[in-house]
Structure formats: C-alpha cells, structure tokens
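> The following block contains the structure, expressed as structure tokens.
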Amino acid sequence: MNEPHAGKDAGLFLLTLASVPGLGPARINAIITRFGYQPDLLRASADVFLEVPGIGRSLAEEISGFLSGSKRREAEEASLRQYEELDRHQASLVTIFDPCFPALLKEIYDPPPFLFVRGSFSEPEPPSIAIVGTRRASAYGKQAAGLLSGELASRGLLIVSGLAYGIDTAAHEAAMRAGGKTIAVLAGSVDHVYTDPRGKIWPKIIEQGALISEELFGSELLPGKFPKRNRIISGMSLGTVVVESDLKGGALITASYALEQNREVFAVPGTIYSHNSRGTNRLIQSGQAKMVLATDDVLEELNRPSLNIPVHEHAATDTVTIVLSKAERELLAYMDTGPIHIDALALQAGHDISELLVLLFELELKKAVVQLPGQFFGKKQIKHEKNSHYRL
C-alpha cells in the first residue's frame, strides 16, 4: 500500500468507491493495496482495474462505466452530504489511510475502508479485547462479563463490544466504571443507537471511547449488517471472549470471525442446564476456545509481557471484609464451579432444604451469594484472607 494519506479528500475518494455496485470492503481493500490513494482512479479505464486481483473483465467494465458517467457525480454529491452529517453529529470519518485507524483491523481480509466515529480512538493505541454474548443474558453472565471487563479495562485494555442488550452492555458499563476505555461497534449508523434510544449509555461511551460504524448516515438497519459488524469487533481485537451464547447467535459468529482472522478465542463456561451455556461450552469442548475462569486466563494467552500489562489483580475501591461460619464456608465450596440449583446443592452439601435456605439467606445478607432465576444460586467473587475472613 502506498504512503498513508489522511483528510477529507481521501474520505470522499473512498466513499465514492464504496458506492460502486460490486465493490465491497474486500475488493476496495484489494484496490487500495494495489494502488494506494490515487484520486485519478475515479477516472480510470477498465484495464486499470483488471490489475487488481479478484476483479475480472466484467466487473472492471462495470466499475469504469459507473465512474465515467453521471452516477459518479451523484455518488460524489452523496459523499459530500455524508460530510454534512458528520458536522451535524460532531462525528468524524476515519479512513484506512489515517494513522489512527485501528492497526489490527487493517490486517483482516476485508477491513472497512472507513469508519464513522463519534468519540475518539486512543493514541497510542491500547491492546483491545472483545467481550460478547447473548442479548438474553442471565445474572451469572452479566456478572461474569462485568468482572472480566472491569478488571481488563483497569489494566489498560480497550474493551470492544457491540452495544447489544445483555452481555455487550454489561461489558461496556463495567469498563467505564473501572475508568477504562470502550468501543461500541454498531450494526447501524452512529446517529441511530437503536439499543439505547434514550441515551443511557452511549453518551458516556463517547466520553470514554467511541461509537463506530462502517454504515452511512441514514442507511437502513438490515439483518445482514450484524455479521458485518461482528467481523469488525473481532478484527480490531487481540482476542474475543464469549460469555454466554446458545449454539447459534451473533456471539458465535464473532468467535468464528476471530478464528478466521487468527485471533484468540476465549469462553466462559456455564451450567449444563442453561441454553445460554451450550455455545460457550461447545467452544471449549471442541478446542476452539480457551476456558476462562479468571482475568489472568485471558492475559496469559495474550502474551502479557509484550503488552506491558500489570500482572497484579485490580483492587476494587469497595472492598469489604466478611466473616463466615464453618458451615457457610463449606457450603460455598460446593458453588465453586458456577451457579447450582438448590436441589443439587442440598444433595451435595447434605442439608435438608429448610437448613439450606437459612444458610443461603445468611450468605445473601453478607453479599457472598446471589440468587438467580429458576432457584439457582451463585457465589460472588471472593478471596480468602484468614480462616474465617473473606474479602469481596
């Protein structure tokens, strides 16, 4: 690729190319890999485009025909209107020629030629990790996503997700609570955040990161745009963490893109009784994802020394000390593998239900246990300090 060229002219050049039928991100990437930023390409003959791998005679003639007639002028006028929208929404157009364009995203087969951005990219660019999962997240899933996102963000990693309901939102919120940076990649345009129409989250994301999309202002939100969005989430990240997902869903599509892009994939295991865990457990079972039980499981796989990420655990500001009885400590030991149904817990611990409910009630009051839907109970993240003292 030729020397990078930033600015409005390059943006208009790429917007015009993107308006040509048959030119998607992969072919535009092939064109700029071959020629770089050359405005004269908008007036080039079919023979010039034949030099690009993947473009045959028929498509080359279609491209040249589009760019040589009135359709090109219409496309250029439409591109100028996009810049008017940028001003209106205090947004920017970051092109693949710009130094601040995410470096990892440039490496994929079909990077977006440009990104509409509300907010800003951090410079220097921090290491990024994607955290994704189901929209129908359980309390366990949200807690796990929040724990991982908050701790990773506190150690300087940029948290990338899709601002969908459930796991994505939990990841964004936890990153911001930890004082970290987060990027929300939208399937629609950045002027219409359909999952947060009242602006409860996205204005804060703009302050602590950015909303980004490859979709034009005013474009229609279609189902096919969600997989396109997912390739960006994985493409700009060193790895993707899937927290909860059934056997089909957007999170698994993101994981498959990450595998194709030669990026790391991680999965948080879940109970066998939940559909939300079938996809994550299958990723682990098939060897496609590394199982994540703690933040360091992610950092160790990402080669922590090269990223200069602190190894110590992040100390939360709301740490409290609780005192547990012997019976309470023994009960918590049966909950180490994740949420458990009250009947299974009673059987394993050897308590009748009435005794068990008393113990669980005391543990809930001490904020060591959380009750989940369907009579499941989960242990909160705690660290043992002394014989009967625990830190939350």
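Numbering starts fresh at 1 for the residues of each chain in the structure tokens, the chains themselves are lettered A, B, ... in the order given, and ligands are numbered from 1 as they appear.
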Just the residues within 10 Å of A:Pro21, please, counting only C-alpha atoms, with nothing from its chain fewer than 6 positions along; format it as a PDB file with N, CA, C and O atoms, in the first residue's frame.

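Final output, result.pdb:
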```
ATOM      1  N   LEU A  59     -16.548  -7.098 -14.210  1.00  0.00           N
ATOM      2  CA  LEU A  59     -16.642  -6.154 -13.098  1.00  0.00           C
ATOM      3  C   LEU A  59     -15.815  -4.906 -13.372  1.00  0.00           C
ATOM      4  O   LEU A  59     -16.237  -3.784 -13.047  1.00  0.00           O
ATOM      5  N   GLU A  62     -17.818  -2.636 -15.420  1.00  0.00           N
ATOM      6  CA  GLU A  62     -18.911  -2.043 -14.642  1.00  0.00           C
ATOM      7  C   GLU A  62     -18.390  -0.903 -13.775  1.00  0.00           C
ATOM      8  O   GLU A  62     -19.026   0.154 -13.659  1.00  0.00           O
ATOM      9  N   ILE A  63     -17.239  -1.113 -13.148  1.00  0.00           N
ATOM     10  CA  ILE A  63     -16.652  -0.072 -12.295  1.00  0.00           C
ATOM     11  C   ILE A  63     -16.307   1.158 -13.133  1.00  0.00           C
ATOM     12  O   ILE A  63     -16.650   2.298 -12.773  1.00  0.00           O
ATOM     13  N   PHE A  66     -19.432   3.013 -14.306  1.00  0.00           N
ATOM     14  CA  PHE A  66     -20.060   3.778 -13.222  1.00  0.00           C
ATOM     15  C   PHE A  66     -19.289   5.080 -12.969  1.00  0.00           C
ATOM     16  O   PHE A  66     -19.884   6.155 -12.833  1.00  0.00           O
TER      17      PHE A  66
END
```
> Please return, as an MDAnalysis selection string, all residues of stretch 3-136 of chain A that DSSP assigns to helix (DSSP H, G or I) on the basis of the backbone.
chainID A and resid 8:18 25:35 39:43 46:49 57:68 70:88 103:106
> Would you please work out which residue, of A:Arg57, A:His275, A:Lys379, A:Arg198, is nearest to A:Leu332 when using only C-alpha atoms?
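Closest residue, counting only C-alpha atoms: A:Lys379.
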> Go through stretch 155-253 of chain A and flag each residue having an atom no more than 12 Å from stretch 10-19 of chain A; for those, report the closest pair of atoms plus their distance in Å to one decimal, using only C-alpha atoms, ordered by chain and rising number, as a Markdown table.

```
| residue | atom | partner | partner_atom | distance |
| --- | --- | --- | --- | --- |
| A:Glu214 | CA | A:Leu15 | CA | 10.5 |
| A:Glu215 | CA | A:Leu15 | CA | 10.7 |
| A:Leu216 | CA | A:Leu15 | CA | 9.2 |
| A:Phe217 | CA | A:Leu15 | CA | 11.9 |
```
> Write a file of the just-selected residues containing C-alpha atoms, as a PDB file, in the first residue's frame.

```
ATOM      1  CA  GLU A 214     -18.994   1.481   8.643  1.00  0.00           C
ATOM      2  CA  GLU A 215     -22.629   2.262   7.759  1.00  0.00           C
ATOM      3  CA  LEU A 216     -23.594   5.551   6.118  1.00  0.00           C
ATOM      4  CA  PHE A 217     -25.774   8.089   7.859  1.00  0.00           C
TER       5      PHE A 217
END
```
> Counting only C-alpha atoms, what is within 9 Å of A:Leu356, bar same-chain residues fewer than 5 positions away, as a PyMOL selection string?
chain A and resi 331+342+345-346+349+351+361
> Would you mind listing, for every residue of stretch 103-123 of chain A within 9 Å of stretch 187-197 of chain A, the two atoms forming the shortest contact and the distance between them in Å to one decimal, using only C-alpha atoms, sorted by chain and ascending residue number, as CSV?

```
residue,atom,partner,partner_atom,distance
A:Phe116,CA,A:Val190,CA,6.9
A:Val117,CA,A:Val190,CA,7.2
A:Arg118,CA,A:Val190,CA,7.0
```
> Output N, CA, C and O atoms of each residue in that selection to a file, as a PDB file, in the first residue's frame.

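result08.pdb, written as the output of this step:
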```
ATOM      1  N   PHE A 116     -17.153   5.589  10.542  1.00  0.00           N
ATOM      2  CA  PHE A 116     -17.780   6.766  11.128  1.00  0.00           C
ATOM      3  C   PHE A 116     -17.582   6.676  12.642  1.00  0.00           C
ATOM      4  O   PHE A 116     -17.887   5.647  13.250  1.00  0.00           O
ATOM      5  N   VAL A 117     -17.083   7.743  13.229  1.00  0.00           N
ATOM      6  CA  VAL A 117     -16.671   7.697  14.633  1.00  0.00           C
ATOM      7  C   VAL A 117     -17.295   8.855  15.407  1.00  0.00           C
ATOM      8  O   VAL A 117     -17.167  10.019  15.002  1.00  0.00           O
ATOM      9  N   ARG A 118     -17.965   8.527  16.489  1.00  0.00           N
ATOM     10  CA  ARG A 118     -18.392   9.544  17.470  1.00  0.00           C
ATOM     11  C   ARG A 118     -17.614   9.270  18.739  1.00  0.00           C
ATOM     12  O   ARG A 118     -17.810   8.252  19.398  1.00  0.00           O
TER      13      ARG A 118
END
```
> A:Pro124, A:Leu105, A:His341, A:Val323: which is nearest A:Ala368, counting only C-alpha atoms?
A:Val323
> For a test of reading the model, state the distance in Å between atom CA of A:Glu301 and atom CA of A:Arg263, rounded to one decimal.
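It comes out at 10.8 Å.
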> If we count only C-alpha atoms and set the cut-off at 7 Å, which residues sit around A:Gln208, ignoring sequence neighbours fewer than 5 positions away in its own chain? Please answer as a PyMOL selection string.
chain A and resi 176+181-182
> So which one's closest to A:Thr134, A:Gly338, A:Gly156, A:Gly279, A:Pro102? Using only C-alpha atoms, please.
A:Gly279
